[in-house]
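Notes follow the structure.
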Amino acid sequence: MARSSSPADPMGTPAYIDSTARLFGDVRLGDDCSLWPYAVVRSERAYVSIGRCASVQDHAMVHIGWDDPTIIGDYCTIGHRAVVHGCIIEPACRIGVGATIMERCVIGRGSIVAGHSFLPPDSVIPPHSLVMGTPGRVVRPIDKLRANIVDALLYRDNGRAYATGKHRIWVDSDMTKLGEEADAILAREAAGWNDRDMPQSHRT
């Protein structure tokens with residue numbers, strides 16, 4: 001893994017950063033996030049923030065726009081080979097395999113962007129939306145906030161296990177327990193997700 005060596009970098013305690021992941025510049029990692037094989041995160045001008053329990057999966061690319069930071073909220077899943085580029089992903093979203101999210105896009109909390117979708121610059125997706133297509137469009141509202149959090153918690157647990165050399169922890173995952181934890185997170189945190197850590201111009 002390569003990353004900026006500046007001691008001023010704001011860093012939480014990730015669950016797992018694979019040795020092949022590449023990090024450069026101002027990259028801010030939240031507690032229990034995970035970066036999987038060959039993920040690349042680069043920030044030469046603005047910054048990248050990856051939230052608590054968020055996962056950036058295998059071969060994903062996270063980059064900035066010229067003046068546009070990339071903000072990935074808590075409990076988000078960035079799927080394999082996705083490209084996330086100078087945009088805001090609000091908490092508890094899932095970005096599907098091979099999807100592309102371009103500059104100044106805002107993906108509202110609890111949403112899912114389907115695999116291989118392409119969102120052009122300045123797309124604004126309301127919370128709780130299913131997005132599909134090229135260009136990506138909202139096809140229907142969804143109620144996946146809890147399910148998306150459970151998905152993020154699975155990757156948190158997987159990351160913690162990978163950090164100790166265990167690669168089969170999902171065989172014994174207790175989905176009831178994870179659901180109860182997701183319910184507690186929703187009760188404790190969800191009311192503030194429309195405001196927290198989101199620039200005023202990007203709130204939905």
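Residues are named by chain letter and number: chains run A, B, ... in the order of the structure tokens, numbers start at 1 in each chain, and ligands are numbered from 1 in the order shown.
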
Close residues, A:Tyr162 itself excluded, 9 Å, only C-alpha atoms, min 6 positions apart in chain, as a PyMOL selection string | chain A and resi 15-16+18+168-169

Close residues, stretch 107-110 of chain A itself excluded, 6 Å, only C-alpha atoms, min 2 positions apart in chain, as a PyMOL selection string = chain A and resi 89-93+125-128+144-145

Could you give me, as an NGL selection string, the residues within 12 Å of A:Leu23, counting only C-alpha atoms and dropping anything in the same chain fewer than 4 positions from it?
-> :A and (1-5 or 9 or 17-19 or 27-29 or 35-36 or 38-44 or 47-50 or 56 or 60-63)

How would you write, as a ChimeraX atom specification, the set of residues in chain A that DSSP gives as strand (DSSP E)?
-> /A:16-17,22-29,34-35,40-50,55-56,61-63,70-72,77-78,83-85,88-89,94-95,100-101,106-107,112-113,118-119,124-125,129-132,137-141

Long-range neighbours of A:Ala182 as a CSV table (one decimal) with N, CA and C atoms, in the first residue's frame, 10 Å cut-off, only C-alpha atoms, 6 positions minimum in chain:
```csv
chain,number,residue,atom,x,y,z
A,75,TYR,N,-21.2,3.9,6.1
A,75,TYR,CA,-22.0,2.7,5.7
A,75,TYR,C,-22.2,2.6,4.2
A,145,LEU,N,-32.4,1.5,3.2
A,145,LEU,CA,-31.5,2.1,4.2
A,145,LEU,C,-30.9,1.0,5.1
A,146,ARG,N,-31.8,0.2,5.7
A,146,ARG,CA,-31.4,-0.8,6.7
A,146,ARG,C,-30.5,-1.9,6.0
A,147,ALA,N,-31.0,-2.3,4.8
A,147,ALA,CA,-30.3,-3.4,4.1
A,147,ALA,C,-28.9,-2.9,3.7
A,148,ASN,N,-28.8,-1.6,3.3
A,148,ASN,CA,-27.5,-1.1,2.9
A,148,ASN,C,-26.5,-1.0,4.1
A,149,ILE,N,-27.1,-0.7,5.3
A,149,ILE,CA,-26.2,-0.7,6.5
A,149,ILE,C,-25.7,-2.1,6.8
A,150,VAL,N,-26.7,-3.1,6.7
A,150,VAL,CA,-26.3,-4.4,7.0
A,150,VAL,C,-25.1,-4.9,6.0
A,151,ASP,N,-25.2,-4.5,4.7
A,151,ASP,CA,-24.2,-4.8,3.8
A,151,ASP,C,-22.9,-4.2,4.2
A,152,ALA,N,-22.9,-2.9,4.7
A,152,ALA,CA,-21.7,-2.3,5.1
A,152,ALA,C,-21.1,-3.0,6.4
A,153,LEU,N,-22.0,-3.4,7.3
A,153,LEU,CA,-21.5,-4.1,8.5
A,153,LEU,C,-20.9,-5.5,8.1
A,176,THR,N,-29.2,-11.9,12.0
A,176,THR,CA,-30.1,-11.3,12.9
A,176,THR,C,-29.4,-10.3,13.8
A,188,ARG,N,-29.9,5.8,16.2
A,188,ARG,CA,-28.9,6.7,16.8
A,188,ARG,C,-28.4,7.8,15.8
```

Output as a PyMOL selection string all residues of chain A that backbone DSSP marks as alpha helix (DSSP H).
-> chain A and resi 145-162+175-189

What is the distance between atom CA of A:Asp122 and atom CA of A:Met11, in Å to one decimal?
->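 Result for atom CA of A:Asp122 versus atom CA of A:Met11: 28.8 Å, one decimal.
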
For A:Pro120, which residue among A:Arg140, A:Arg22, A:Arg52, A:His85 is the nearest when counting only C-alpha atoms?
->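 Checking each of A:Arg140, A:Arg22, A:Arg52, A:His85 against A:Pro120, counting only C-alpha atoms, the winner is A:His85.
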